[in-house]
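K.L.:
Below you'll find query00.csv; it's CSV, N, CA and C atoms.
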chain,number,residue,atom,x,y,z
Y,1,MET,N,25.1,13.2,324.3
Y,1,MET,CA,26.0,12.1,324.0
Y,1,MET,C,26.0,11.9,322.5
Y,2,THR,N,27.1,11.5,322.0
Y,2,THR,CA,27.2,11.1,320.6
Y,2,THR,C,26.6,9.7,320.3
Y,3,GLU,N,26.5,9.4,319.1
Y,3,GLU,CA,26.0,8.1,318.6
Y,3,GLU,C,26.9,7.0,319.1
Y,4,PRO,N,26.5,6.1,320.0
Y,4,PRO,CA,27.4,5.0,320.5
Y,4,PRO,C,27.7,4.0,319.4
Y,5,ILE,N,28.8,3.3,319.7
Y,5,ILE,CA,29.1,2.1,318.9
Y,5,ILE,C,28.8,0.9,319.7
Y,6,VAL,N,28.1,-0.1,319.1
Y,6,VAL,CA,27.7,-1.3,319.9
Y,6,VAL,C,28.3,-2.5,319.0
Y,7,LEU,N,29.2,-3.2,319.6
Y,7,LEU,CA,29.9,-4.2,319.0
Y,7,LEU,C,29.9,-5.5,319.7
Y,8,ALA,N,29.7,-6.6,319.1
Y,8,ALA,CA,29.9,-8.0,319.7
Y,8,ALA,C,31.3,-8.5,319.3
Y,9,VAL,N,32.0,-9.0,320.3
Y,9,VAL,CA,33.3,-9.5,320.1
Y,9,VAL,C,33.3,-11.0,320.4
Y,10,PHE,N,33.6,-11.9,319.5
Y,10,PHE,CA,33.6,-13.3,319.6
Y,10,PHE,C,35.1,-13.8,319.7
Y,11,PRO,N,35.7,-14.0,320.8
Y,11,PRO,CA,37.1,-14.5,320.9
Y,11,PRO,C,37.1,-15.9,320.3
Y,12,SER,N,38.2,-16.3,319.7
Y,12,SER,CA,38.4,-17.7,319.2
Y,12,SER,C,38.7,-18.6,320.4
Y,13,VAL,N,39.2,-18.0,321.5
Y,13,VAL,CA,39.5,-18.8,322.7
Y,13,VAL,C,38.5,-18.3,323.8
Y,14,PRO,N,37.5,-19.1,324.0
Y,14,PRO,CA,36.4,-18.6,325.0
Y,14,PRO,C,37.0,-18.3,326.4
Y,15,GLN,N,38.1,-19.0,326.8
Y,15,GLN,CA,38.6,-18.7,328.1
Y,15,GLN,C,39.1,-17.3,328.3
Y,16,ALA,N,39.2,-16.5,327.2
Y,16,ALA,CA,39.6,-15.1,327.3
Y,16,ALA,C,38.5,-14.2,327.7
Y,17,LEU,N,37.2,-14.7,327.7
Y,17,LEU,CA,36.1,-13.8,328.0
Y,17,LEU,C,36.1,-13.2,329.3
Y,18,PRO,N,36.4,-13.8,330.4
Y,18,PRO,CA,36.4,-13.2,331.7
Y,18,PRO,C,37.5,-12.0,331.8
Y,19,ALA,N,38.6,-12.3,331.3
Y,19,ALA,CA,39.7,-11.3,331.3
Y,19,ALA,C,39.3,-10.1,330.4
Y,20,LEU,N,38.7,-10.4,329.3
Y,20,LEU,CA,38.3,-9.3,328.4
Y,20,LEU,C,37.2,-8.5,329.0
Y,21,GLU,N,36.3,-9.1,329.7
Y,21,GLU,CA,35.3,-8.3,330.4
Y,21,GLU,C,35.9,-7.4,331.5
Y,22,ARG,N,36.9,-8.0,332.3
Y,22,ARG,CA,37.5,-7.2,333.3
Y,22,ARG,C,38.3,-6.0,332.7
Y,23,ALA,N,38.9,-6.2,331.6
Y,23,ALA,CA,39.7,-5.1,330.9
Y,23,ALA,C,38.8,-4.0,330.5
Y,24,LEU,N,37.6,-4.3,330.2
Y,24,LEU,CA,36.6,-3.3,329.6
Y,24,LEU,C,35.8,-2.6,330.7
Y,25,VAL,N,35.7,-3.2,331.9
Y,25,VAL,CA,34.9,-2.6,333.0
Y,25,VAL,C,35.7,-2.2,334.2
Y,26,GLY,N,36.9,-2.8,334.3
Y,26,GLY,CA,37.7,-2.6,335.5
Y,26,GLY,C,38.5,-1.4,335.5
Y,27,PRO,N,39.4,-1.2,336.6
Y,27,PRO,CA,40.3,-0.1,336.6
Y,27,PRO,C,41.1,0.0,335.4
Y,28,GLY,N,41.3,1.2,334.8
Y,28,GLY,CA,42.1,1.4,333.6
Y,28,GLY,C,41.3,1.1,332.3
Y,29,ALA,N,40.0,0.8,332.4
Y,29,ALA,CA,39.2,0.6,331.2
Y,29,ALA,C,39.1,2.0,330.5
Y,30,PRO,N,38.9,2.0,329.2
Y,30,PRO,CA,38.7,3.2,328.5
Y,30,PRO,C,37.5,4.0,329.0
Y,31,GLY,N,37.6,5.3,329.1
Y,31,GLY,CA,36.6,6.1,329.7
Y,31,GLY,C,35.3,6.2,329.0
Y,32,GLY,N,35.2,5.9,327.8
Y,32,GLY,CA,34.0,6.0,327.0
Y,32,GLY,C,33.1,4.8,327.1
Y,33,ILE,N,33.5,3.7,327.8
Y,33,ILE,CA,32.7,2.5,327.8
Y,33,ILE,C,31.4,2.8,328.6
Y,34,LEU,N,30.3,2.5,327.9
Y,34,LEU,CA,29.0,2.7,328.5
Y,34,LEU,C,28.4,1.4,329.1
Y,35,CYS,N,28.7,0.3,328.4
Y,35,CYS,CA,28.1,-1.0,328.9
Y,35,CYS,C,28.9,-2.1,328.3
Y,36,VAL,N,29.0,-3.1,329.1
Y,36,VAL,CA,29.7,-4.4,328.7
Y,36,VAL,C,28.8,-5.5,329.2
Y,37,ARG,N,28.4,-6.4,328.3
Y,37,ARG,CA,27.6,-7.5,328.7
Y,37,ARG,C,28.3,-8.8,328.1
Y,38,ARG,N,28.4,-9.8,329.0
Y,38,ARG,CA,28.9,-11.1,328.5
Y,38,ARG,C,27.7,-12.0,328.2
Y,39,ALA,N,27.7,-12.6,327.1
Y,39,ALA,CA,26.6,-13.5,326.7
Y,39,ALA,C,27.2,-14.7,325.9
Y,40,GLU,N,27.1,-15.9,326.6
Y,40,GLU,CA,27.6,-17.1,326.0
Y,40,GLU,C,29.0,-17.0,325.4
Y,41,ASP,N,29.2,-16.9,324.1
Y,41,ASP,CA,30.5,-16.9,323.5
Y,41,ASP,C,31.0,-15.6,323.1
Y,42,ARG,N,30.4,-14.5,323.6
Y,42,ARG,CA,30.8,-13.1,323.2
Y,42,ARG,C,30.7,-12.1,324.3
Y,43,ILE,N,31.3,-11.0,324.0
Y,43,ILE,CA,31.2,-9.8,324.9
Y,43,ILE,C,30.6,-8.7,324.0
Y,44,VAL,N,29.5,-8.1,324.5
Y,44,VAL,CA,28.9,-7.0,323.8
Y,44,VAL,C,29.4,-5.7,324.5
Y,45,VAL,N,30.0,-4.8,323.7
Y,45,VAL,CA,30.6,-3.6,324.2
Y,45,VAL,C,29.9,-2.4,323.5
Y,46,GLU,N,29.5,-1.4,324.4
Y,46,GLU,CA,28.9,-0.2,323.9
Y,46,GLU,C,29.7,0.9,324.4
Y,47,TRP,N,30.1,1.8,323.5
Y,47,TRP,CA,31.0,2.9,323.9
Y,47,TRP,C,30.7,4.2,323.1
Y,48,ASP,N,31.1,5.3,323.7
Y,48,ASP,CA,31.0,6.6,323.1
Y,48,ASP,C,32.3,6.9,322.4
Y,49,PRO,N,32.3,6.9,321.0
Y,49,PRO,CA,33.5,7.1,320.3
Y,49,PRO,C,34.1,8.5,320.4
Y,50,GLU,N,33.4,9.4,321.0
Y,50,GLU,CA,33.9,10.8,321.2
Y,50,GLU,C,34.8,10.8,322.5
Y,51,ARG,N,34.5,9.8,323.4
Y,51,ARG,CA,35.3,9.7,324.6
Y,51,ARG,C,36.5,8.7,324.5
Y,52,SER,N,36.2,7.7,323.8
Y,52,SER,CA,37.3,6.6,323.6
Y,52,SER,C,37.2,6.2,322.1
Y,53,ALA,N,38.3,6.5,321.4
Y,53,ALA,CA,38.4,6.3,320.0
Y,53,ALA,C,38.3,4.8,319.7
Y,54,VAL,N,37.9,4.5,318.5
Y,54,VAL,CA,37.7,3.1,318.1
Y,54,VAL,C,39.1,2.4,318.2
Y,55,ARG,N,40.1,3.0,317.8
Y,55,ARG,CA,41.5,2.4,317.9
Y,55,ARG,C,41.8,2.0,319.4
Y,56,LEU,N,41.5,2.9,320.3
Y,56,LEU,CA,41.8,2.6,321.7
Y,56,LEU,C,41.0,1.4,322.2
Y,57,VAL,N,39.7,1.4,322.0
Y,57,VAL,CA,38.9,0.2,322.5
Y,57,VAL,C,39.3,-1.1,321.8
Y,58,MET,N,39.6,-1.0,320.5
Y,58,MET,CA,40.0,-2.3,319.8
Y,58,MET,C,41.4,-2.7,320.3
Y,59,SER,N,42.3,-1.7,320.6
Y,59,SER,CA,43.6,-2.1,321.1
Y,59,SER,C,43.5,-2.8,322.5
Y,60,VAL,N,42.6,-2.3,323.3
Y,60,VAL,CA,42.4,-3.0,324.6
Y,60,VAL,C,41.9,-4.4,324.4
Y,61,ILE,N,40.9,-4.5,323.5
Y,61,ILE,CA,40.4,-5.9,323.3
Y,61,ILE,C,41.5,-6.8,322.7
Y,62,ASP,N,42.2,-6.3,321.7
Y,62,ASP,CA,43.3,-7.2,321.1
Y,62,ASP,C,44.4,-7.5,322.1
Y,63,ALA,N,44.8,-6.5,322.9
Y,63,ALA,CA,45.9,-6.8,323.9
Y,63,ALA,C,45.4,-7.9,324.8
Y,64,GLU,N,44.2,-7.8,325.3
Y,64,GLU,CA,43.7,-8.8,326.2
Y,64,GLU,C,43.6,-10.2,325.5
Y,65,LEU,N,43.1,-10.2,324.3
Y,65,LEU,CA,43.0,-11.5,323.6
Y,65,LEU,C,44.3,-12.1,323.3
Y,66,GLN,N,45.3,-11.3,323.0
Y,66,GLN,CA,46.7,-11.7,322.7
Y,66,GLN,C,47.3,-12.5,323.8
Y,67,ARG,N,46.9,-12.2,325.1
Y,67,ARG,CA,47.4,-12.9,326.2
Y,67,ARG,C,47.0,-14.4,326.2
Y,68,TYR,N,45.9,-14.6,325.5
Y,68,TYR,CA,45.4,-16.0,325.4
Y,68,TYR,C,45.6,-16.6,324.0
Y,69,GLY,N,46.4,-15.9,323.2
Y,69,GLY,CA,46.6,-16.4,321.8
Y,69,GLY,C,45.3,-16.5,321.1
Y,70,SER,N,44.4,-15.6,321.3
Y,70,SER,CA,43.1,-15.6,320.7
Y,70,SER,C,42.9,-14.6,319.6
Y,71,GLY,N,42.3,-15.0,318.6
Y,71,GLY,CA,41.9,-14.1,317.6
Y,71,GLY,C,40.5,-13.6,317.9
Y,72,ARG,N,39.8,-13.0,317.0
Y,72,ARG,CA,38.5,-12.5,317.3
Y,72,ARG,C,37.7,-12.3,316.0
Y,73,ARG,N,36.4,-12.4,316.2
Y,73,ARG,CA,35.5,-12.0,315.1
Y,73,ARG,C,34.6,-10.9,315.7
Y,74,THR,N,34.3,-9.9,315.0
Y,74,THR,CA,33.5,-8.8,315.5
Y,74,THR,C,32.2,-8.6,314.7
Y,75,GLU,N,31.2,-8.1,315.3
Y,75,GLU,CA,29.9,-7.9,314.6
Y,75,GLU,C,29.4,-6.6,315.1
Y,76,LEU,N,29.1,-5.6,314.2
Y,76,LEU,CA,28.5,-4.4,314.6
Y,76,LEU,C,27.0,-4.6,314.8
Y,77,LEU,N,26.5,-4.3,316.0
Y,77,LEU,CA,25.1,-4.6,316.3
Y,77,LEU,C,24.2,-3.4,316.1
Y,78,ALA,N,24.7,-2.3,316.0
Y,78,ALA,CA,23.8,-1.1,315.7
Y,78,ALA,C,24.4,-0.4,314.5
Y,79,PRO,N,23.6,-0.1,313.5
Y,79,PRO,CA,24.1,0.6,312.3
Y,79,PRO,C,24.6,2.0,312.7
Y,80,LEU,N,25.6,2.4,312.0
Y,80,LEU,CA,26.2,3.8,312.2
Y,80,LEU,C,25.8,4.7,311.1
Y,81,SER,N,25.5,5.9,311.4
Y,81,SER,CA,25.2,6.9,310.4
Y,81,SER,C,26.3,7.2,309.5
Y,82,GLU,N,26.1,7.7,308.4
Y,82,GLU,CA,27.1,8.1,307.4
Y,82,GLU,C,28.1,9.1,308.1
Y,83,GLN,N,27.5,10.0,308.9
Y,83,GLN,CA,28.4,11.0,309.6
Y,83,GLN,C,29.4,10.3,310.5
Y,84,ARG,N,28.9,9.3,311.3
Y,84,ARG,CA,29.7,8.6,312.2
Y,84,ARG,C,30.8,7.8,311.5
Y,85,LEU,N,30.4,7.1,310.4
Y,85,LEU,CA,31.3,6.3,309.6
Y,85,LEU,C,32.4,7.2,309.1
Y,86,ALA,N,32.0,8.3,308.5
Y,86,ALA,CA,33.0,9.2,308.0
Y,86,ALA,C,34.0,9.8,309.1
Y,87,ALA,N,33.4,10.1,310.2
Y,87,ALA,CA,34.3,10.6,311.3
Y,87,ALA,C,35.3,9.5,311.8
Y,88,ILE,N,34.8,8.3,311.9
Y,88,ILE,CA,35.7,7.2,312.3
Y,88,ILE,C,36.8,7.0,311.2
Y,89,ALA,N,36.4,6.9,310.0
Y,89,ALA,CA,37.4,6.7,308.9
Y,89,ALA,C,38.4,7.9,308.9
Y,90,ALA,N,37.9,9.1,309.0
Y,90,ALA,CA,38.8,10.3,309.0
Y,90,ALA,C,39.8,10.2,310.1
Y,91,ALA,N,39.3,9.9,311.3
Y,91,ALA,CA,40.2,9.8,312.5
Y,91,ALA,C,41.2,8.6,312.3
Y,92,GLU,N,40.7,7.5,312.0
Y,92,GLU,CA,41.6,6.3,312.0
Y,92,GLU,C,42.6,6.3,310.8
Y,93,LEU,N,42.2,6.9,309.7
Y,93,LEU,CA,43.1,7.0,308.6
Y,93,LEU,C,43.9,8.3,308.5
Y,94,GLN,N,43.6,9.1,309.5
Y,94,GLN,CA,44.3,10.5,309.6
Y,94,GLN,C,44.1,11.2,308.2
Y,95,ALA,N,42.8,11.2,307.8
Y,95,ALA,CA,42.5,11.8,306.5
Y,95,ALA,C,41.3,12.7,306.7
Y,96,PRO,N,41.5,13.9,307.2
Y,96,PRO,CA,40.3,14.8,307.5
Y,96,PRO,C,39.4,15.1,306.3
Y,97,GLU,N,39.9,14.9,305.1
Y,97,GLU,CA,39.1,15.1,304.0
Y,97,GLU,C,38.0,14.1,303.8
Y,98,ILE,N,38.0,13.0,304.5
Y,98,ILE,CA,36.9,12.0,304.4
Y,98,ILE,C,35.6,12.6,305.0
Y,99,ALA,N,34.6,12.6,304.2
Y,99,ALA,CA,33.3,13.2,304.7
Y,99,ALA,C,32.2,12.3,304.2
Y,100,PRO,N,31.0,12.4,304.8
Y,100,PRO,CA,29.9,11.5,304.4
Y,100,PRO,C,29.6,11.5,302.8
Y,101,ASP,N,29.9,12.6,302.2
Y,101,ASP,CA,29.6,12.7,300.7
Y,101,ASP,C,30.7,12.1,299.9
Y,102,ARG,N,31.7,11.4,300.6
Y,102,ARG,CA,32.8,10.7,299.9
Y,102,ARG,C,32.8,9.2,300.2
Y,103,ILE,N,31.8,8.7,300.8
Y,103,ILE,CA,31.7,7.3,301.1
Y,103,ILE,C,31.1,6.6,299.9
Y,104,LEU,N,31.9,5.7,299.3
Y,104,LEU,CA,31.6,5.0,298.1
Y,104,LEU,C,30.2,4.3,298.2
Y,105,GLU,N,30.0,3.6,299.2
Y,105,GLU,CA,28.8,2.8,299.4
Y,105,GLU,C,27.6,3.7,299.3
Y,106,ALA,N,27.7,4.8,300.0
Y,106,ALA,CA,26.5,5.8,300.0
Y,106,ALA,C,26.3,6.4,298.7
Y,107,LEU,N,27.4,6.7,298.0
Y,107,LEU,CA,27.3,7.3,296.6
Y,107,LEU,C,26.6,6.3,295.7
Y,108,LEU,N,27.0,5.0,295.8
Y,108,LEU,CA,26.4,4.0,294.9
Y,108,LEU,C,25.0,3.8,295.2
Y,109,ALA,N,24.6,3.8,296.5
Y,109,ALA,CA,23.2,3.6,296.9
Y,109,ALA,C,22.4,4.8,296.4
Y,110,LYS,N,22.9,6.0,296.5
Y,110,LYS,CA,22.1,7.2,296.0
Y,110,LYS,C,21.9,7.1,294.5
Y,111,ALA,N,22.9,6.5,293.8
Y,111,ALA,CA,22.8,6.4,292.4
Y,111,ALA,C,22.0,5.2,291.9
Y,112,GLY,N,21.5,4.5,292.9
Y,112,GLY,CA,20.7,3.3,292.6
Y,112,GLY,C,21.5,2.1,292.0
Y,113,LEU,N,22.7,2.1,292.3
Y,113,LEU,CA,23.6,1.0,291.8
Y,113,LEU,C,23.9,-0.1,292.7
Y,114,CYS,N,23.3,-0.1,293.9
Y,114,CYS,CA,23.4,-1.2,294.8
Y,114,CYS,C,22.2,-1.2,295.8
What is this file in structure tokens?
P.N.:
Amino acid sequence: MTEPIVLAVFPSVPQALPALERALVGPGAPGGILCVRRAEDRIVVEWDPERSAVRLVMSVIDAELQRYGSGRRTELLAPLSEQRLAAIAAAELQAPEIAPDRILEALLAKAGLC
């Protein structure tokens, strides 16, 4: 299995939590979902980005929240490797030339500038 993405989603309208949970674990949920946990004011979602792209999972989340007129705040709960970040950026931006050695933050860190 590839490196999973673990994300907490905090809807601005808490009433959307049950529907959001159902959308992520019920019939029709993205195939790469590994775990969904509801905790107080958030849903924690873990998924395999090789099976379900970031765009797909976030689209399901946003579509469900839109039904409630809810915005969201998200928090990445597990750091991603430079390789995973580059792969996500390349896929989402449709820019295959994006690679780990082209991530500005990594280059600045390696140069001791941040």
K.L.:
Please, which residues of chain Y, numbered as in this document, come out helix (DSSP H, G or I) from DSSP, as a PyMOL selection string?
P.N.:
chain Y and resi 14-25+54-66+82-92+100-102+104-110
K.L.:
Between Y:Val57, Y:Leu65, Y:Val45, Y:Ala95, which has the minimum distance to Gln15 in chain Y (counting only C-alpha atoms)?
P.N.:
Y:Leu65
K.L.:
With only C-alpha atoms as the atoms that count, which of Y:Glu40, Y:Glu50, Y:Glu75, Y:Glu105 lies nearest to Glu3 in chain Y?
P.N.:
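For Glu3 in chain Y, the nearest of the given residues is Y:Glu50.
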K.L.:
Restricting the calculation to only N, CA and C atoms: of Y:Leu7, Y:Ala63, Y:Ala19, Y:Leu34, which residue gets closest to Ala78 in chain Y?
P.N.:
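Using only N, CA and C atoms, Ala78 in chain Y sits closest to Y:Leu7.
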K.L.:
Using Å and a single decimal, report how far atom C of Arg55 in chain Y sits from CA of Thr74 in chain Y.
P.N.:
14.2 Å
K.L.:
Go ahead and find all residues with at least one atom no further than 6.5 Å from (36.5, 9.9, 317.7) in the file's coordinates, using all atoms listed in the file; report them as a list of chain:residue names.
P.N.:
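Returned residue set, sorted by chain then number, is Y:Pro49, Y:Glu50, Y:Arg51, Y:Ser52, Y:Ala53, Y:Val54, Y:Ala87, Y:Ile88, Y:Ala91.
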K.L.:
Quick one: everything within 9 Å of Gly71 in chain Y, counting only C-alpha atoms, minus sequence neighbours fewer than 2 positions away in the same chain. Send it as a count of residues only.
P.N.:
10
K.L.:
In Å, rounded to a single decimal, give me how far CA of Ile98 in chain Y is from CA of Val6 in chain Y.
P.N.:
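Interatomic distance, CA of Val6 in chain Y to CA of Ile98 in chain Y: 22.4 Å.
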K.L.:
Could you tell me which of Y:Cys114, Y:Ala99, Y:Ala89, Y:Ala8 comes closest to Glu21 in chain Y if we count only C-alpha atoms?
P.N.:
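Under the stated criterion, the closest residue is Y:Ala8.
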K.L.:
Using only C-alpha atoms, which residue out of Y:Val44, Y:Arg22, Y:Leu56, Y:Glu97 lies closest to Leu76 in chain Y?
P.N.:
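The answer is Y:Val44, which sits nearest to Leu76 in chain Y.
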K.L.:
Smallest atom-to-atom distance to Gln83 in chain Y: which of Y:Val60, Y:Thr2, Y:Val36, Y:Lys110, using only C-alpha atoms?
P.N.:
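Of Y:Val60, Y:Thr2, Y:Val36, Y:Lys110, the one nearest Gln83 in chain Y, counting only C-alpha atoms, is Y:Thr2.
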K.L.:
Would you work out the distance separating CA of Val25 in chain Y from atom N of Leu93 in chain Y, expressed in Å to one decimal?
P.N.:
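Here the two named atoms are 26.2 Å from each other.
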